[in-house]
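Next up, input11.cif (mmCIF, C-alpha atoms and all ligand atoms):
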data_my_file
loop_
_atom_site.label_atom_id
_atom_site.label_comp_id
_atom_site.auth_asym_id
_atom_site.auth_seq_id
_atom_site.Cartn_x
_atom_site.Cartn_y
_atom_site.Cartn_z
CA MET A 1 -30.58 -14.26 5.33
CA ASN A 2 -32.39 -17.48 4.38
CA LEU A 3 -30.46 -19.85 2.17
CA PRO A 4 -31.81 -23.12 0.80
CA ASP A 5 -30.77 -26.25 2.71
CA GLY A 6 -27.25 -27.34 2.01
CA VAL A 7 -26.14 -24.02 0.54
CA VAL A 8 -22.98 -22.72 2.17
CA ILE A 9 -21.50 -19.26 1.91
CA HIS A 10 -17.96 -19.99 0.90
CA GLY A 11 -15.29 -18.52 3.09
CA ARG A 12 -17.66 -18.29 6.02
CA GLU A 13 -18.39 -21.97 6.52
CA PRO A 14 -15.39 -23.70 5.00
CA ARG A 15 -16.16 -27.22 3.99
CA ALA A 16 -12.51 -28.17 3.87
CA GLY A 17 -9.37 -27.81 5.94
CA GLY A 18 -6.30 -25.86 4.89
CA ALA A 19 -4.56 -28.81 3.23
CA GLU A 20 -7.49 -29.61 0.97
CA TRP A 21 -8.06 -25.96 0.05
CA THR A 22 -4.38 -25.60 -0.80
CA GLU A 23 -4.53 -28.63 -3.09
CA ARG A 24 -7.53 -27.16 -4.87
CA TYR A 25 -5.82 -23.78 -5.06
CA ARG A 26 -2.84 -25.35 -6.83
CA ALA A 27 -5.10 -27.00 -9.39
CA ALA A 28 -7.30 -24.01 -10.17
CA VAL A 29 -5.55 -20.72 -9.34
CA MET A 30 -2.71 -19.48 -11.55
CA ASN A 31 0.62 -20.03 -9.88
CA THR A 32 1.87 -16.44 -9.81
CA PHE A 33 2.17 -16.23 -6.01
CA GLY A 34 3.44 -19.70 -5.05
CA ASP A 35 1.52 -21.64 -2.41
CA PRO A 36 -0.55 -19.57 0.01
CA GLN A 37 0.89 -19.43 3.54
CA ARG A 38 -2.52 -20.27 4.97
CA VAL A 39 -6.12 -20.36 3.77
CA LEU A 40 -8.07 -17.78 5.77
CA VAL A 41 -11.76 -17.91 6.50
CA ARG A 42 -12.59 -15.03 8.82
CA GLY A 43 -11.26 -11.78 10.22
CA GLU A 44 -12.28 -9.41 13.00
CA GLY A 45 -10.34 -6.36 14.12
CA CYS A 46 -6.63 -7.23 14.02
CA ARG A 47 -7.24 -11.00 14.10
CA VAL A 48 -7.81 -13.56 11.35
CA TRP A 49 -8.64 -17.27 11.48
CA ASP A 50 -7.51 -20.01 9.10
CA ALA A 51 -9.39 -22.99 7.68
CA ASP A 52 -8.01 -25.22 10.44
CA GLY A 53 -9.31 -22.96 13.19
CA ASN A 54 -6.01 -21.27 14.12
CA ARG A 55 -6.04 -17.61 15.11
CA TYR A 56 -3.47 -15.00 14.07
CA LEU A 57 -2.63 -11.44 15.03
CA ASP A 58 -2.38 -9.72 11.65
CA LEU A 59 0.62 -7.40 11.41
CA LEU A 60 0.41 -7.33 7.61
CA ALA A 61 -3.21 -6.20 7.15
CA GLY A 62 -3.42 -7.30 3.53
CA ILE A 63 -0.13 -5.44 2.83
CA ALA A 64 -0.94 -2.08 4.41
CA VAL A 65 -4.52 -2.21 3.13
CA ASN A 66 -6.85 -3.00 6.04
CA ALA A 67 -6.34 0.30 7.84
CA LEU A 68 -9.39 -0.36 10.03
CA GLY A 69 -8.64 -4.05 10.43
CA HIS A 70 -11.07 -6.75 9.36
CA ALA A 71 -14.85 -6.44 9.20
CA HIS A 72 -14.88 -2.94 10.71
CA PRO A 73 -18.58 -2.11 11.26
CA VAL A 74 -18.22 1.36 9.73
CA ILE A 75 -16.92 0.00 6.41
CA VAL A 76 -19.42 -2.87 6.42
CA GLU A 77 -22.23 -0.38 7.01
CA ALA A 78 -21.00 2.13 4.39
CA VAL A 79 -20.54 -0.52 1.71
CA THR A 80 -23.79 -2.31 2.49
CA ARG A 81 -25.81 0.87 2.47
CA GLN A 82 -24.23 2.13 -0.74
CA LEU A 83 -24.72 -1.20 -2.49
CA GLN A 84 -28.36 -1.20 -1.45
CA THR A 85 -28.73 2.33 -2.87
CA LEU A 86 -26.57 2.57 -5.98
CA GLY A 87 -23.75 0.10 -6.64
CA HIS A 88 -22.28 0.78 -10.06
CA ILE A 89 -23.04 3.31 -12.75
CA SER A 90 -20.04 3.68 -15.16
CA ASN A 91 -18.24 6.96 -15.72
CA PHE A 92 -20.91 8.25 -18.09
CA PHE A 93 -22.53 9.20 -14.79
CA ALA A 94 -21.30 10.67 -11.54
CA SER A 95 -22.22 9.94 -7.93
CA GLY A 96 -22.06 11.87 -4.68
CA PRO A 97 -19.51 9.60 -2.97
CA GLN A 98 -17.09 9.93 -5.89
CA ILE A 99 -17.26 13.72 -5.91
CA GLU A 100 -17.03 13.95 -2.13
CA LEU A 101 -14.02 11.66 -2.04
CA ALA A 102 -12.21 13.73 -4.67
CA GLU A 103 -12.93 16.85 -2.59
CA ARG A 104 -11.75 15.14 0.62
CA LEU A 105 -8.47 14.00 -0.93
CA LEU A 106 -7.72 17.47 -2.29
CA ALA A 107 -8.55 18.96 1.11
CA LEU A 108 -6.24 16.48 2.86
CA LEU A 109 -3.49 17.41 0.39
CA ASP A 110 -4.35 21.05 1.01
CA ALA A 111 -4.15 22.05 -2.65
CA PRO A 112 -6.37 22.56 -5.65
CA GLY A 113 -6.27 19.85 -8.28
CA ARG A 114 -8.15 17.00 -9.94
CA VAL A 115 -8.56 13.32 -9.07
CA PHE A 116 -8.76 10.29 -11.35
CA PHE A 117 -10.11 7.17 -9.65
CA ALA A 118 -8.86 3.69 -10.46
CA ASN A 119 -9.07 0.27 -8.81
CA SER A 120 -5.53 -0.44 -7.66
CA GLY A 121 -2.11 1.04 -7.09
CA THR A 122 -0.70 0.04 -10.41
CA GLU A 123 -3.66 1.61 -12.20
CA ALA A 124 -3.31 4.82 -10.23
CA ASN A 125 0.28 4.90 -11.44
CA GLU A 126 -0.73 4.20 -15.05
CA ALA A 127 -2.99 7.24 -14.95
CA ALA A 128 -0.17 9.38 -13.57
CA PHE A 129 2.28 7.94 -16.12
CA LYS A 130 -0.09 8.90 -18.94
CA ALA A 131 -0.47 12.37 -17.45
CA THR A 132 3.32 12.82 -17.55
CA ARG A 133 3.29 12.05 -21.30
CA ARG A 134 1.06 15.08 -21.83
CA THR A 135 3.96 17.33 -20.86
CA GLY A 136 5.47 16.56 -24.26
CA ARG A 137 8.45 14.89 -22.55
CA THR A 138 8.91 11.14 -22.22
CA THR A 139 11.82 10.47 -19.84
CA ILE A 140 11.03 9.44 -16.28
CA VAL A 141 13.54 9.37 -13.44
CA ALA A 142 12.88 6.53 -10.99
CA ALA A 143 14.75 5.21 -7.96
CA GLU A 144 16.58 1.96 -7.42
CA GLY A 145 14.64 -0.22 -5.01
CA SER A 146 11.34 1.25 -6.21
CA PHE A 147 8.10 -0.66 -6.55
CA HIS A 148 5.26 0.90 -8.52
CA GLY A 149 3.16 -2.05 -9.69
CA ARG A 150 2.92 -4.89 -12.19
CA THR A 151 1.16 -3.52 -15.25
CA MET A 152 3.49 -2.66 -18.13
CA GLY A 153 3.77 1.06 -17.44
CA ALA A 154 4.18 0.85 -13.68
CA LEU A 155 6.51 -2.11 -14.16
CA ALA A 156 8.72 0.03 -16.39
CA LEU A 157 9.25 2.29 -13.33
CA THR A 158 9.82 -0.63 -10.92
CA SER A 159 13.48 -1.38 -10.37
CA LYS A 160 13.58 -5.09 -9.52
CA ALA A 161 15.12 -6.92 -12.47
CA ALA A 162 13.33 -10.20 -11.71
CA TYR A 163 9.97 -8.45 -12.11
CA ARG A 164 10.94 -6.47 -15.21
CA GLU A 165 13.14 -8.64 -17.37
CA PRO A 166 10.66 -11.39 -18.35
CA PHE A 167 8.43 -8.67 -19.85
CA GLU A 168 10.82 -6.34 -21.66
CA PRO A 169 10.62 -4.23 -23.72
CA LEU A 170 8.72 -1.98 -21.35
CA PRO A 171 7.46 1.51 -22.17
CA GLY A 172 9.28 4.70 -21.46
CA GLU A 173 12.78 5.96 -21.23
CA VAL A 174 13.65 5.51 -17.60
CA ARG A 175 16.72 6.89 -15.83
CA TRP A 176 17.61 5.12 -12.61
CA VAL A 177 19.06 6.88 -9.59
CA PRO A 178 20.05 5.49 -6.19
CA TYR A 179 17.24 6.26 -3.71
CA GLY A 180 18.15 9.07 -1.36
CA ASP A 181 21.08 10.39 -3.42
CA GLU A 182 20.50 14.09 -4.04
CA ASP A 183 23.57 14.51 -6.27
CA ALA A 184 22.47 11.64 -8.52
CA LEU A 185 19.09 13.30 -8.87
CA THR A 186 20.69 16.62 -9.79
CA GLU A 187 22.71 14.78 -12.43
CA ALA A 188 19.73 12.85 -13.85
CA VAL A 189 17.14 15.61 -14.22
CA ASP A 190 17.31 17.89 -17.25
CA GLU A 191 14.91 19.53 -19.71
CA THR A 192 13.96 16.15 -21.27
CA VAL A 193 12.60 14.74 -18.00
CA ALA A 194 8.81 14.61 -17.70
CA ALA A 195 8.73 13.50 -14.08
CA VAL A 196 10.60 12.13 -11.10
CA ILE A 197 8.74 9.36 -9.31
CA LEU A 198 9.58 8.58 -5.68
CA GLU A 199 8.06 6.73 -2.75
CA PRO A 200 8.30 8.96 0.37
CA ILE A 201 9.42 5.76 2.17
CA GLN A 202 10.23 2.76 -0.03
CA GLY A 203 7.80 0.02 1.02
CA GLU A 204 8.48 -3.15 -0.96
CA ALA A 205 12.22 -2.50 -0.71
CA GLY A 206 11.86 -3.26 3.00
CA VAL A 207 10.77 0.11 4.43
CA VAL A 208 13.69 2.30 3.39
CA ASP A 209 13.71 5.87 4.73
CA PRO A 210 15.06 8.72 2.61
CA PRO A 211 17.69 10.96 4.16
CA GLU A 212 16.46 14.20 5.73
CA GLY A 213 15.73 16.83 3.09
CA TYR A 214 15.69 14.43 0.12
CA LEU A 215 12.07 15.03 -0.87
CA ALA A 216 12.57 18.80 -0.64
CA ALA A 217 15.68 18.49 -2.82
CA ALA A 218 13.64 16.49 -5.36
CA ARG A 219 11.10 19.33 -5.42
CA ARG A 220 13.80 21.94 -5.96
CA ILE A 221 15.53 19.95 -8.72
CA THR A 222 12.33 19.12 -10.64
CA ALA A 223 11.10 22.71 -10.41
CA GLU A 224 14.39 23.99 -11.86
CA HIS A 225 13.92 21.89 -14.98
CA GLY A 226 10.15 22.09 -15.36
CA ALA A 227 9.72 18.40 -14.51
CA LEU A 228 6.83 17.01 -12.50
CA LEU A 229 7.35 15.59 -9.02
CA TRP A 230 5.33 12.43 -8.53
CA PHE A 231 5.01 10.78 -5.13
CA ASP A 232 3.82 7.19 -5.17
CA GLU A 233 1.93 7.10 -1.85
CA VAL A 234 0.16 3.83 -2.61
CA GLN A 235 1.73 2.29 0.50
CA THR A 236 2.67 5.35 2.58
CA GLY A 237 -0.60 7.23 2.10
CA MET A 238 -3.84 7.50 4.05
CA GLY A 239 -2.45 7.56 7.58
CA ARG A 240 -0.08 4.62 7.35
CA THR A 241 2.95 6.64 8.51
CA GLY A 242 1.06 8.50 11.24
CA SER A 243 0.22 11.46 9.04
CA TRP A 244 -2.17 11.54 6.09
CA PHE A 245 0.64 11.27 3.56
CA GLY A 246 4.22 10.08 3.80
CA HIS A 247 5.48 13.41 2.46
CA ASP A 248 3.46 15.55 4.92
CA ASN A 249 6.45 16.51 7.05
CA SER A 250 8.67 17.41 4.08
CA GLY A 251 6.98 20.75 3.41
CA VAL A 252 6.82 19.77 -0.26
CA ARG A 253 3.88 20.10 -2.62
CA PRO A 254 4.19 17.43 -5.33
CA ASP A 255 2.44 17.57 -8.74
CA LEU A 256 1.18 13.99 -8.69
CA VAL A 257 0.21 11.77 -5.77
CA THR A 258 -0.90 8.20 -6.34
CA LEU A 259 -2.90 6.31 -3.72
CA ALA A 260 -4.46 2.89 -3.29
CA LYS A 261 -3.75 0.24 -0.62
CA GLY A 262 -5.19 1.80 2.58
CA LEU A 263 -7.55 4.14 0.77
CA GLY A 264 -10.55 1.79 0.66
CA GLY A 265 -9.73 -0.14 3.83
CA GLY A 266 -9.92 -3.41 1.86
CA ILE A 267 -12.30 -2.42 -0.93
CA PRO A 268 -10.28 -2.08 -4.16
CA ILE A 269 -9.74 1.56 -5.11
CA GLY A 270 -6.86 3.67 -6.38
CA ALA A 271 -6.52 7.38 -7.05
CA CYS A 272 -4.25 9.58 -9.08
CA VAL A 273 -4.34 13.06 -7.57
CA ALA A 274 -2.91 15.75 -9.85
CA LEU A 275 -2.29 19.05 -8.07
CA GLY A 276 -2.21 22.54 -9.51
CA ASP A 277 -1.61 22.74 -13.27
CA ALA A 278 -1.00 18.98 -13.44
CA GLY A 279 -4.74 18.59 -12.84
CA THR A 280 -5.52 19.45 -16.44
CA LEU A 281 -2.85 17.34 -18.19
CA LEU A 282 -5.40 14.65 -18.92
CA GLY A 283 -8.49 15.84 -20.74
CA PRO A 284 -11.59 14.32 -22.34
CA GLY A 285 -10.85 10.99 -24.01
CA HIS A 286 -7.31 10.71 -22.68
CA HIS A 287 -7.99 8.06 -20.08
CA GLY A 288 -10.83 5.96 -18.74
CA THR A 289 -12.00 3.05 -16.61
CA THR A 290 -15.22 1.08 -16.21
CA PHE A 291 -15.09 0.48 -12.48
CA GLY A 292 -12.87 3.28 -11.21
CA GLY A 293 -14.53 5.63 -8.75
CA ASN A 294 -17.66 3.53 -8.40
CA PRO A 295 -20.04 4.49 -5.59
CA VAL A 296 -19.31 1.47 -3.37
CA ALA A 297 -15.52 1.86 -3.42
CA THR A 298 -15.66 5.60 -2.89
CA ALA A 299 -18.20 5.22 -0.07
CA ALA A 300 -15.79 2.79 1.60
CA ALA A 301 -12.92 5.28 1.27
CA LEU A 302 -15.04 8.08 2.75
CA ALA A 303 -15.85 5.80 5.69
CA VAL A 304 -12.14 5.04 6.17
CA ILE A 305 -11.20 8.73 6.19
CA ALA A 306 -14.02 9.62 8.59
CA THR A 307 -13.03 6.82 10.96
CA ILE A 308 -9.35 7.78 10.93
CA GLU A 309 -10.45 11.28 11.94
CA ASP A 310 -13.14 10.27 14.46
CA GLU A 311 -10.98 7.69 16.23
CA GLY A 312 -7.75 9.71 16.18
CA LEU A 313 -5.96 6.99 14.23
CA LEU A 314 -3.12 9.20 12.95
CA GLU A 315 -1.97 9.78 16.51
CA ALA A 316 -2.65 6.15 17.36
CA ALA A 317 -0.49 5.03 14.43
CA ARG A 318 2.37 7.23 15.69
CA ASN A 319 2.03 5.91 19.25
CA ARG A 320 1.75 2.24 18.31
CA GLY A 321 4.59 2.70 15.83
CA ASP A 322 6.83 4.16 18.54
CA GLN A 323 5.84 1.35 20.90
CA ILE A 324 6.81 -1.28 18.31
CA ALA A 325 10.04 0.49 17.35
CA ASP A 326 11.04 0.80 21.04
CA GLY A 327 9.99 -2.74 21.92
CA LEU A 328 11.66 -4.51 19.01
CA GLY A 329 14.57 -2.10 18.78
CA ARG A 330 15.84 -3.47 22.11
CA HIS A 331 16.10 -7.03 20.84
CA PRO A 332 19.73 -8.15 20.34
CA ARG A 333 18.85 -9.64 16.92
CA VAL A 334 17.38 -6.38 15.69
CA ALA A 335 19.92 -3.98 14.18
CA ALA A 336 17.43 -1.16 13.56
CA VAL A 337 13.75 -0.38 13.12
CA THR A 338 13.02 1.82 10.09
CA GLY A 339 9.95 3.66 8.81
CA ALA A 340 7.32 5.77 10.51
CA GLY A 341 3.97 5.24 12.19
CA LEU A 342 2.72 1.76 11.36
CA LEU A 343 4.91 1.23 8.31
CA ARG A 344 7.94 -0.43 9.91
CA GLY A 345 10.98 -2.32 8.76
CA VAL A 346 12.73 -4.57 11.25
CA VAL A 347 16.37 -4.94 10.22
CA LEU A 348 17.77 -8.26 11.43
CA THR A 349 21.40 -8.85 12.33
CA GLU A 350 21.43 -11.82 9.92
CA PRO A 351 19.54 -12.45 6.66
CA ARG A 352 17.01 -14.90 8.09
CA SER A 353 13.73 -13.09 7.59
CA ALA A 354 12.05 -15.98 5.74
CA GLU A 355 12.61 -18.35 8.67
CA VAL A 356 11.43 -15.71 11.12
CA GLN A 357 8.29 -15.06 9.09
CA SER A 358 7.45 -18.74 8.95
CA ALA A 359 8.11 -19.31 12.67
CA ALA A 360 6.07 -16.21 13.53
CA LEU A 361 3.16 -17.61 11.53
CA ASP A 362 3.35 -20.89 13.47
CA ALA A 363 3.31 -18.76 16.63
CA GLY A 364 0.13 -16.96 15.51
CA LEU A 365 1.65 -13.76 14.13
CA ILE A 366 1.45 -12.59 10.51
CA VAL A 367 4.50 -10.60 9.43
CA ASN A 368 6.12 -10.09 6.02
CA ALA A 369 9.68 -10.66 4.80
CA PRO A 370 10.26 -8.32 1.83
CA ARG A 371 14.00 -9.01 1.76
CA PRO A 372 16.38 -11.45 3.44
CA ASP A 373 17.50 -9.16 6.27
CA ARG A 374 14.23 -7.30 6.89
CA LEU A 375 10.75 -7.90 8.18
CA ARG A 376 7.98 -5.48 7.31
CA LEU A 377 5.16 -4.67 9.73
CA THR A 378 2.06 -2.89 8.44
CA PRO A 379 -0.67 -3.67 11.00
CA PRO A 380 -4.12 -2.11 11.02
CA LEU A 381 -4.13 1.48 12.31
CA ILE A 382 -6.60 0.31 14.98
CA LEU A 383 -3.97 -1.94 16.59
CA SER A 384 -4.41 -1.58 20.36
CA GLU A 385 -1.66 -1.03 22.89
CA ASP A 386 -2.23 -4.56 24.24
CA GLU A 387 -2.12 -6.06 20.77
CA ALA A 388 1.12 -4.22 20.01
CA ALA A 389 2.61 -5.50 23.29
CA ASP A 390 1.45 -9.01 22.41
CA ALA A 391 3.08 -8.69 18.96
CA ILE A 392 6.38 -7.48 20.44
CA ARG A 393 6.41 -10.35 22.94
CA THR A 394 5.64 -13.03 20.38
CA LEU A 395 8.06 -11.72 17.77
CA SER A 396 10.82 -11.36 20.37
CA THR A 397 10.34 -15.00 21.41
CA VAL A 398 10.42 -16.08 17.76
CA LEU A 399 13.63 -14.11 17.20
CA ASP A 400 15.15 -15.74 20.32
CA GLU A 401 14.31 -19.19 18.98
CA VAL A 402 15.11 -18.78 15.29
CA MET A 403 18.21 -16.62 15.64
CA ALA A 404 19.59 -18.09 18.89
C1 LIG A 501 1.60 -2.01 -3.68
C2 LIG A 501 2.19 -0.87 -4.38
C3 LIG A 501 1.85 -0.55 -5.72
C4 LIG A 501 0.96 -1.44 -6.53
O1 LIG A 501 -0.35 -1.52 -6.04
P1 LIG A 501 -1.32 -2.68 -6.57
O2 LIG A 501 -2.63 -2.34 -5.95
O3 LIG A 501 -0.75 -3.98 -6.11
O4 LIG A 501 -1.35 -2.58 -8.05
C5 LIG A 501 2.38 0.59 -6.27
N1 LIG A 501 3.21 1.39 -5.57
C6 LIG A 501 3.56 1.13 -4.30
C7 LIG A 501 4.45 2.08 -3.57
C8 LIG A 501 3.07 -0.01 -3.66
O5 LIG A 501 3.44 -0.28 -2.41
#
Starting from the file, give its structure as structure tokens.
Ligand SMILES: *Cc1c(COP(=O)(O)O)cnc(C)c1O
Amino acid sequence: MNLPDGVVIHGREPRAGGAEWTERYRAAVMNTFGDPQRVLVRGEGCRVWDADGNRYLDLLAGIAVNALGHAHPVIVEAVTRQLQTLGHISNFFASGPQIELAERLLALLDAPGRVFFANSGTEANEAAFKATRRTGRTTIVAAEGSFHGRTMGALALTSKAAYREPFEPLPGEVRWVPYGDEDALTEAVDETVAAVILEPIQGEAGVVDPPEGYLAAARRITAEHGALLWFDEVQTGMGRTGSWFGHDNSGVRPDLVTLAKGLGGGIPIGACVALGDAGTLLGPGHHGTTFGGNPVATAAALAVIATIEDEGLLEAARNRGDQIADGLGRHPRVAAVTGAGLLRGVVLTEPRSAEVQSAALDAGLIVNAPRPDRLRLTPPLILSEDEAADAIRTLSTVLDEVMA
């Protein structure tokens, strides 16, 4: 590519160091996230580099998004080729990649149904939320500890008071139940309930596993009362847990499955998959989007799915996940390792996750601290055995130092 003299592609040839970028960030970018931990300029595989030239092993992967790591040639090729062919068309028109992706998702879920494409997790959930309204019922049962997104509808189903309260009143009549409590669910669901929404493993809560049989109980209880069962698989979906979906081993067929994060491997895309009869709840004029399902995003998602299959990344995610759980589980400062595959919570013996996260970053390791006593690890599914060993070593040393 020939650029005129003096023209710089931003992000590739940073003109400033991290401190200067951060100052400019503060002045120009809305302060909804606080200061960035670092300003990043480049990524390759499971590594990223910051504006000061430091290298990191990325165990966060854009919060469970970069399933194939950074700059994976298959995604770059798929996106580039699609953009050179047909980039955006609106939903007055259809494209091959969109139709193929809908078919692939239904095949992976092994059920007939219909897919609505969006651009994010929260939007996938808005589509599902609107679909539930078409049952003629308005009450939703949601779980304590849940996270479903930041738009008004998804926020109404998100339990954290600090996220919700500044924006009330929020839509919907929502009944809250403790996550994993089958009796509470039995109590909460009646003939007025449109849907029960659950994460197969709670992600933002710090990777919280449900008790054995909970998802199956939720299916039984919702079926008894004619309510929909809605799994938010935005974080657990698309291979993250070592199977295509977090609910795969439950033997349950839900009515609604929402997807986003890992689906596009870094290209923004979300999907609301409605199975069986739920597939026709939304009809012409009921919902829409300008960008959702565009050819570039759907081509990226098809490339991600093909690569997960071709490179055996479901099995790899299980193996690397076991390696990490074994390796870190031995550390005296680790009380337990939760989750499945490469969605892992590291429960610390003391609530010092913020210090650990910050020290890990200084040591070249990106981890996340979703709550005071837990770290969350969501590395790319392509994480190698050596990289996982490296991560265990570095994090163990950090735990030794911080929690001595
Ligand atoms: C991240 C997340 C969302 C929201 O996705 P966005 O793309 O940030 O809107 C919804 N549900 C779950 C389970 C998530 O982890």
Legend entry - Ala127 in chain A surroundings by all atoms listed in the file, 10 Å radius, close-in-sequence under 3 positions cut, as JSON, numbers by chain: {"A": [116, 117, 118, 122, 123, 124, 130, 131, 132, 153, 154, 258, 271, 272, 273, 274, 282, 286, 287, 288]}
Inset, instruction - Counting only C-alpha atoms and all ligand atoms, name the residues that have an atom within 6 Å of an atom of ligand LIG 501 (chain A); the answer should be given as a list of chain:residue names. - result: A:Ser120, A:Gly121, A:Thr122, A:Phe147, A:His148, A:Gly149, A:Glu199, A:Gly203, A:Glu204, A:Asp232, A:Glu233, A:Val234, A:Gln235
Legend entry - Close residues, Val367 in chain A itself excluded, 7 Å, only C-alpha atoms, min 5 positions apart in chain, as a VMD selection string: chain A and resid 59 to 60 357 375 to 377
Inset, instruction - Would you mind telling me which residue in A:Gly136, A:Gly283, A:Gly321, A:Pro370 lies nearest to Ala195 in chain A when using all atoms listed in the file? - result: A:Gly136
Contacts of Ala107 in chain A within 12 Å, only C-alpha atoms, excl. fewer than 6 positions in-chain, as a PDB file with C-alpha atoms, in the frame of the given file:
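As written to disk, result_12.pdb reads:
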ATOM      1  CA  GLU A 100     -17.030  13.950  -2.130  1.00  0.00           C
ATOM      2  CA  LEU A 101     -14.020  11.660  -2.040  1.00  0.00           C
ATOM      3  CA  GLY A 113      -6.270  19.850  -8.280  1.00  0.00           C
ATOM      4  CA  ARG A 114      -8.150  17.000  -9.940  1.00  0.00           C
ATOM      5  CA  VAL A 115      -8.560  13.320  -9.070  1.00  0.00           C
ATOM      6  CA  TRP A 244      -2.170  11.540   6.090  1.00  0.00           C
ATOM      7  CA  VAL A 273      -4.340  13.060  -7.570  1.00  0.00           C
ATOM      8  CA  LEU A 275      -2.290  19.050  -8.070  1.00  0.00           C
ATOM      9  CA  ILE A 305     -11.200   8.730   6.190  1.00  0.00           C
TER      10      ILE A 305
END
Inset, instruction - Using all atoms listed in the file, determine which residues lie at most 9 Å from Val402 in chain A, disregarding the query and same-chain residues fewer than 5 positions distant; provide the list as a list in words. - result: Arg352, Glu355, Val356, Ala359 and Thr397 of chain A
Legend entry - Sphere at (-4.8, 2.4, 1.7), radius 10 Å, counting all atoms listed in the file: residues as a ChimeraX atom specification: /A:62-68,120-121,233-240,259-270,301,304
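Among A:Glu77, A:Glu144, A:Glu182, A:Glu191, the residue with the shortest atom-to-atom distance to Ala303 in chain A, counting only C-alpha atoms, is A:Glu77.
Of the residues listed (A:Ser159, A:Thr307, A:Thr186, A:Asn125), A:Ser159 shows the shortest atom-to-atom separation from Gly145 in chain A; distances use only C-alpha atoms.
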Legend entry - One-decimal distance in Å that lies between CA of Asp277 in chain A and CA of Leu256 in chain A: 10.3 Å
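The space between CA of His88 in chain A and CA of Phe129 in chain A spans 26.3 Å.
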